[in-house]
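Student: Encoded as structure tokens, here's the structure I'll be asking about.
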Amino acid sequence: MALELKGVTKRVGAIQHIKETSLLLEPGHFNVLLGATGSGKTSLIKLMAGLDPMASGQVLMDGEDVSRLSTQKRNISLVHQFFINYPHMTVFENIASPLKVAGMAKSEIEGRVEEAAAILQLKPMLHRRPHELSGGQQQRCALARAIAKESRAVFLDEPLANLDYKLREELRDQLPELFAGRGAVVVYATSEPEEALLLGGKTALMRDGRVTQFGPTAEIYRNPGNVDAARVFSDPPINTAEITKQGSMARLGAGVTWELSGAAVGLADGTYTIAIRPHHVLPVAKNGAHVQLSGQVQVTELSGSESSAHFDMGSGSWVSLAHGVHPYQVGELHDFYMDPAQAYFFAPDGSRAA
Amino acid sequence: MKTENQKAWFFVLPVLALVAFNALIPMMTVVNYSVQETFGDNVFFWQGLDWFQQILRSDRFHAALGRQFMFTFLILIIEVPLGIAIALSMPRKGFWVPVCLVLMALPMLIPWNVVGAMWNIFTLPDIGLLGYFLNHVLGISYDMTQDPVAAWVTIVTMDVWHWTSLVVLLSYAGLVSIPDAYYQAAKIDGASNWAVFRFIQLPKMKTVLTIAILLRFMDSFNIYTEPFVLTGGGPGNSTTLLSIDLVKIALGQFDLGPAAAMSLIYFAITLLVSWLFYTLMTKDDLN
């Protein structure tokens, strides 16, 4: 089973919610749609599920064009951020509902429900109603419904967003296992980059209704294709600055210059945006972090094993994140050292240059 | 902590006084009449339960009661499914929602005797719009003043016209309270339209439908004005429903004792059926 989008768009009135998007989603790993609220994750899922009409393009399942097929006939599952269970049915009936609708034999329904309930630890609650369950159990029930159905594609639309922290971690650890080996394409929408990294698989970065980069999640982390992609996987936010390249030298602001290395050497002379993660900007010179920057310390945070400092270089504010505890004084002038080999270079239009 | 506050009595007492004057005292008067015989001049003779026995054994009462149940049964079996069907096909959002709602509410805003008069004029065989059209244009023999079947068709149609809206509006209120997410979930489950109705819409409408059916039962079981104005209980006694018969006995024949006994029996039946229905419909919710 593979789910393919070909030039899919969605339009409501004059507004284009989804700009031309093509993706090939495969089973065996999570396909994460990562983007901020309003970036089009849910819209895209609704198009794939057939809940909303497309303006153009095709959705293919295993090569078969399902664009004209109604949601009912696509054999898919969808788990929402909100716990959607039928309130007047018991947990058993909820999990069984898609099977019952499909006209499956009673004995087989029971078997499948039991299996799904066992996986999600719902067995003791099968005869309760959804409102008698906790939030985590309600979402488990919704997940069990998706698992029992054995659909061709499973869409998880921020399924953990409304759970408390501990439950979220628990369920997130279980999720990849739940769907492993089931042959369904799993699409997982989230606004949290950390979730995408933890779930592994592939990630499609979404912004303003378009997929800006798609590939193995770790690869996107290591090799962001554009400034936005670089910004996504970084907490605290990635440091960016405009630099001027001339020959083999780069200049940042008034006084900071360094000799370029690697692919950046081959770039044409001009202005670029560099992005460098906070943990490659350190308060002491070591391990290649040697380009000295100087700034006034504005905010510091200690988190036990790490300390961060926001400092103002005059041309902009950067963040440094280092292991251990560093005694910063707010307001003092402090030197920081960045590792230029770790910087990403982006052309003025935001695309990756080196 | 329990707070003692006697102020509530000040709010309850006036209501109690009001209810006493408009319900309890008249009702006790009826009870008083039902066990006595009077020939006027405030002279009463004790009768015990004679009137009750007489009414319960009377063929006339049985016939009126039968007609009454028939009428209520007919209008419920038409209005409830029709009301649900109309509610289901009404738009959920957009410009047409208020238009539909106002159009639906319109029949209910018309005073009952006006409804009766309207339908009387509308259906009169030779001058009524509908009566003339049926008889002289379509050639269908229709005369609600002579033919009992035509009279029944007319009073049932009138009630359907007048009160289906109530079922529509209550069902609609139940329907719009269903979040889109359930419809989506049902689509994803692969549910047909029938399954969506049976497993999502109907359960969600159950509470309001219970109220709608209860209100329609009570109103139709006690109906007086409209059929009285429309057919006056005729032709013959064919549309003499319980309340019409009751008024005939009380005011036409001035048999106050039997009429009072009949009122109490009538009241007890209404109460009993309503209670039975409500208990049955809400049985599931209790456990």
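How things are named: the first chain in the structure tokens is A, the next is B, and so on; residues count from 1 in each chain; ligands count from 1 in the order shown.
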Once you count only C-alpha atoms, which residues of chain B turn out to be within 12 Å of chain A? Could you give them as a compact mmCIF listing (two decimals) with C-alpha atoms, in the first residue's frame?

Tutor:
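After the write, selection.txt holds the following:
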# COMPACT_ATOMS: atom_id res chain seq x y z
CA ILE B 178 -24.29 17.24 16.64
CA PRO B 179 -20.68 18.28 15.98
CA ASP B 180 -19.37 17.80 12.43
CA ALA B 181 -16.72 15.51 13.86
CA TYR B 182 -19.29 12.74 14.37
CA TYR B 183 -20.41 12.92 10.77
CA GLN B 184 -16.77 12.77 9.73
CA ALA B 185 -16.08 9.84 11.99
CA ALA B 186 -19.10 8.05 10.55
CA LYS B 187 -17.95 8.69 6.99
CA ILE B 188 -14.54 7.30 7.85
CA ASP B 189 -16.13 4.26 9.43
CA GLY B 190 -17.79 3.77 6.06
CA ALA B 191 -21.29 4.34 7.39
CA SER B 192 -24.21 4.71 4.97
CA ASN B 193 -26.71 7.55 5.32
CA TRP B 194 -29.09 5.17 7.05
CA ALA B 195 -26.41 4.12 9.56
CA VAL B 196 -25.59 7.77 10.23
CA ARG B 198 -29.74 5.28 13.02
CA PHE B 199 -26.56 5.44 15.09
CA ILE B 200 -25.72 9.14 15.29
CA GLN B 201 -28.66 11.38 14.51
CA LEU B 202 -31.46 9.41 16.11
CA PRO B 203 -29.68 8.82 19.44
CA LYS B 204 -28.74 12.50 19.56
CA MET B 205 -32.34 13.51 18.85
CA LYS B 206 -33.78 11.11 21.38
CA ASP B 284 -32.17 3.46 29.26
CA ASP B 285 -30.72 6.72 30.52
CA ASN B 287 -28.69 2.87 34.16

Student: For Asp255 (chain B), work out the shell of residues within 9 Å, counting only C-alpha atoms and skipping chain neighbours fewer than 5 positions away, then give it as JSON, numbers by chain.

Tutor: {"B": [37, 38, 249, 250, 260]}

Student: Out of region 114-209 of chain A, which residues get strand (DSSP E) from DSSP, as a ChimeraX atom specification?

Tutor: /A:153-157,185-190,202-207

Student: Find the residue from A:Ser67, A:Thr90, A:Thr217, A:Thr212 that sits nearest to Pro193 (chain A); use only C-alpha atoms when measuring.

Tutor: A:Thr217

Student: Identify which of the residues B:Leu246, B:Leu106, B:Ala150, B:Met281 lies closest to Leu264 (chain B), counting only C-alpha atoms when measuring atom-to-atom distances.

Tutor: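 Among the listed residues, B:Leu246 lies closest to Leu264 (chain B).
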
Student: Set the distance at 10 Å and use only C-alpha atoms: which residues neighbour Gly200 (chain A) once local chain neighbours fewer than 5 positions away are removed? I'd like the list as a ChimeraX atom specification.

Tutor: /A:29-32,176,195,216-218

Student: Excluding region 54-62 of chain A and any residue of its chain fewer than 3 positions from it, enumerate the residues within 10 Å of it, using only C-alpha atoms, and give them as a VMD selection string.

Tutor: chain A and resid 1 to 12 16 18 to 26 44 46 to 51 65 to 69 74 152 to 153 185

Student: Considering only C-alpha atoms, return as a list in words whatever protein or nucleic-acid residues lie within 9 Å of Ser261 (chain A), sequence-local ones (same chain, fewer than 5 positions apart) excluded.

Tutor: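 Once the nearby chain positions are removed, what remains is Ser248, Pro340 and Ala341 of chain A.
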
Student: Pick out the residues sitting within 12 Å of Gly288 (chain A), and hand them over as a list of chain:residue names; count only C-alpha atoms, and ignore anything fewer than 3 positions along from it in its own chain.

Tutor: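 Residues near the query, excluding close chain neighbours: A:Ser261, A:His280, A:Val281, A:Leu282, A:Val284, A:Ala285, A:Val291, A:Gln292, A:Tyr337, A:Met338, A:Asp339, A:Pro340, A:Ala341, A:Gln342, A:Ala343.
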
Student: Write the residues of the selection above to a file with N, CA and C atoms, as a PDB file, in the first residue's frame.

Tutor:
ATOM      1  N   SER A 261      35.127  27.284   4.748  1.00  0.00           N
ATOM      2  CA  SER A 261      35.618  25.942   4.437  1.00  0.00           C
ATOM      3  C   SER A 261      34.486  25.163   3.790  1.00  0.00           C
ATOM      4  N   HIS A 280      26.099  25.142  18.722  1.00  0.00           N
ATOM      5  CA  HIS A 280      27.375  25.366  18.045  1.00  0.00           C
ATOM      6  C   HIS A 280      27.910  26.767  18.286  1.00  0.00           C
ATOM      7  N   VAL A 281      27.294  27.445  19.238  1.00  0.00           N
ATOM      8  CA  VAL A 281      27.796  28.756  19.673  1.00  0.00           C
ATOM      9  C   VAL A 281      28.067  28.620  21.173  1.00  0.00           C
ATOM     10  N   LEU A 282      29.365  28.635  21.546  1.00  0.00           N
ATOM     11  CA  LEU A 282      29.717  28.285  22.922  1.00  0.00           C
ATOM     12  C   LEU A 282      30.410  29.436  23.635  1.00  0.00           C
ATOM     13  N   VAL A 284      33.043  29.180  25.404  1.00  0.00           N
ATOM     14  CA  VAL A 284      34.502  29.013  25.397  1.00  0.00           C
ATOM     15  C   VAL A 284      34.909  28.465  24.035  1.00  0.00           C
ATOM     16  N   ALA A 285      36.136  28.721  23.630  1.00  0.00           N
ATOM     17  CA  ALA A 285      36.605  28.229  22.340  1.00  0.00           C
ATOM     18  C   ALA A 285      37.018  26.780  22.478  1.00  0.00           C
ATOM     19  N   VAL A 291      35.343  31.079  15.965  1.00  0.00           N
ATOM     20  CA  VAL A 291      35.090  32.441  15.502  1.00  0.00           C
ATOM     21  C   VAL A 291      34.491  33.242  16.654  1.00  0.00           C
ATOM     22  N   GLN A 292      35.257  34.248  17.037  1.00  0.00           N
ATOM     23  CA  GLN A 292      34.861  34.968  18.247  1.00  0.00           C
ATOM     24  C   GLN A 292      33.782  36.005  17.957  1.00  0.00           C
ATOM     25  N   TYR A 337      31.912  31.774  20.971  1.00  0.00           N
ATOM     26  CA  TYR A 337      32.681  31.226  19.854  1.00  0.00           C
ATOM     27  C   TYR A 337      31.788  30.310  19.036  1.00  0.00           C
ATOM     28  N   MET A 338      31.698  30.616  17.740  1.00  0.00           N
ATOM     29  CA  MET A 338      30.862  29.743  16.914  1.00  0.00           C
ATOM     30  C   MET A 338      31.727  28.863  16.041  1.00  0.00           C
ATOM     31  N   ASP A 339      31.134  27.720  15.682  1.00  0.00           N
ATOM     32  CA  ASP A 339      31.832  26.767  14.831  1.00  0.00           C
ATOM     33  C   ASP A 339      31.346  26.983  13.392  1.00  0.00           C
ATOM     34  N   PRO A 340      32.117  27.647  12.565  1.00  0.00           N
ATOM     35  CA  PRO A 340      31.628  28.034  11.231  1.00  0.00           C
ATOM     36  C   PRO A 340      31.349  26.829  10.337  1.00  0.00           C
ATOM     37  N   ALA A 341      31.992  25.686  10.637  1.00  0.00           N
ATOM     38  CA  ALA A 341      31.752  24.495   9.816  1.00  0.00           C
ATOM     39  C   ALA A 341      30.323  23.986   9.965  1.00  0.00           C
ATOM     40  N   GLN A 342      29.640  24.379  11.056  1.00  0.00           N
ATOM     41  CA  GLN A 342      28.280  23.903  11.323  1.00  0.00           C
ATOM     42  C   GLN A 342      27.211  24.846  10.772  1.00  0.00           C
ATOM     43  N   ALA A 343      27.640  25.913  10.130  1.00  0.00           N
ATOM     44  CA  ALA A 343      26.659  26.904   9.660  1.00  0.00           C
ATOM     45  C   ALA A 343      26.049  26.466   8.339  1.00  0.00           C
TER      46      ALA A 343
END

Student: Calculate how many Å separate CA of Val176 (chain B) from CA of Trp275 (chain B), rounding to one decimal.

Tutor: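 The value is 28.3 Å.
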
Student: Please provide as a ChimeraX atom specification all residues within 9 Å of region 79-90 of chain B, with the sequence filter that same-chain residues fewer than 6 positions apart are discarded (counting only C-alpha atoms).

Tutor: /B:96-97,100,159-161,163-173,175,209,212-213,216

Student: Just N, CA and C atoms for this one: save the residues we selected as a compact mmCIF listing (two decimals), in the first residue's frame.

Tutor:
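And here is the file that came out, part_6.txt:
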# COMPACT_ATOMS: atom_id res chain seq x y z
N TRP B 96 -30.49 30.33 4.17
CA TRP B 96 -31.82 29.74 4.20
C TRP B 96 -32.24 29.24 5.58
N VAL B 97 -31.31 29.20 6.53
CA VAL B 97 -31.67 28.69 7.85
C VAL B 97 -32.77 29.53 8.51
N CYS B 100 -36.14 29.20 6.66
CA CYS B 100 -36.82 27.93 6.97
C CYS B 100 -37.42 27.96 8.36
N ASP B 159 -54.28 19.17 11.59
CA ASP B 159 -53.37 19.06 12.73
C ASP B 159 -51.93 18.89 12.26
N VAL B 160 -51.75 18.10 11.20
CA VAL B 160 -50.41 17.91 10.65
C VAL B 160 -49.85 19.25 10.19
N TRP B 161 -50.71 20.01 9.50
CA TRP B 161 -50.27 21.33 9.02
C TRP B 161 -49.90 22.24 10.19
N TRP B 163 -49.12 21.45 13.46
CA TRP B 163 -48.19 21.05 14.53
C TRP B 163 -46.95 20.27 14.12
N THR B 164 -46.83 19.87 12.84
CA THR B 164 -45.61 19.15 12.45
C THR B 164 -44.38 20.02 12.72
N SER B 165 -44.57 21.34 12.57
CA SER B 165 -43.46 22.27 12.80
C SER B 165 -42.83 22.09 14.17
N LEU B 166 -43.65 21.77 15.16
CA LEU B 166 -43.09 21.61 16.51
C LEU B 166 -42.07 20.48 16.52
N VAL B 167 -42.45 19.36 15.90
CA VAL B 167 -41.53 18.22 15.82
C VAL B 167 -40.30 18.62 15.01
N VAL B 168 -40.53 19.36 13.91
CA VAL B 168 -39.42 19.79 13.06
C VAL B 168 -38.44 20.63 13.86
N LEU B 169 -38.95 21.64 14.55
CA LEU B 169 -38.05 22.56 15.24
C LEU B 169 -37.29 21.86 16.36
N LEU B 170 -37.97 21.01 17.10
CA LEU B 170 -37.27 20.31 18.19
C LEU B 170 -36.23 19.34 17.62
N SER B 171 -36.60 18.59 16.57
CA SER B 171 -35.63 17.67 15.96
C SER B 171 -34.45 18.43 15.40
N TYR B 172 -34.75 19.57 14.77
CA TYR B 172 -33.70 20.37 14.17
C TYR B 172 -32.71 20.85 15.24
N ALA B 173 -33.27 21.27 16.38
CA ALA B 173 -32.41 21.70 17.48
C ALA B 173 -31.49 20.56 17.90
N LEU B 175 -30.52 18.09 15.97
CA LEU B 175 -29.59 17.80 14.87
C LEU B 175 -28.42 18.77 14.83
N LEU B 209 -36.83 14.46 20.94
CA LEU B 209 -37.95 13.74 20.34
C LEU B 209 -38.93 13.27 21.42
N ALA B 212 -40.90 16.18 22.21
CA ALA B 212 -41.81 16.50 21.11
C ALA B 212 -43.01 15.56 21.11
N ILE B 213 -42.74 14.27 21.25
CA ILE B 213 -43.84 13.30 21.22
C ILE B 213 -44.76 13.50 22.42
N ARG B 216 -46.85 16.56 21.77
CA ARG B 216 -47.84 16.28 20.74
C ARG B 216 -48.92 15.34 21.26

Student: Grab the CA of Tyr224 (chain B) to CA of Ile244 (chain B) distance for me, in Å with one decimal place.

Tutor: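 That distance, rounded to one decimal, is 6.0 Å.
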
Student: Looking at A:Gly28, A:Met104, A:Thr244, A:Val299, which one is nearest to Lys202 (chain A), with distances taken over only C-alpha atoms?

Tutor: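 Nearest candidate to Lys202 (chain A) out of A:Gly28, A:Met104, A:Thr244, A:Val299: A:Gly28.
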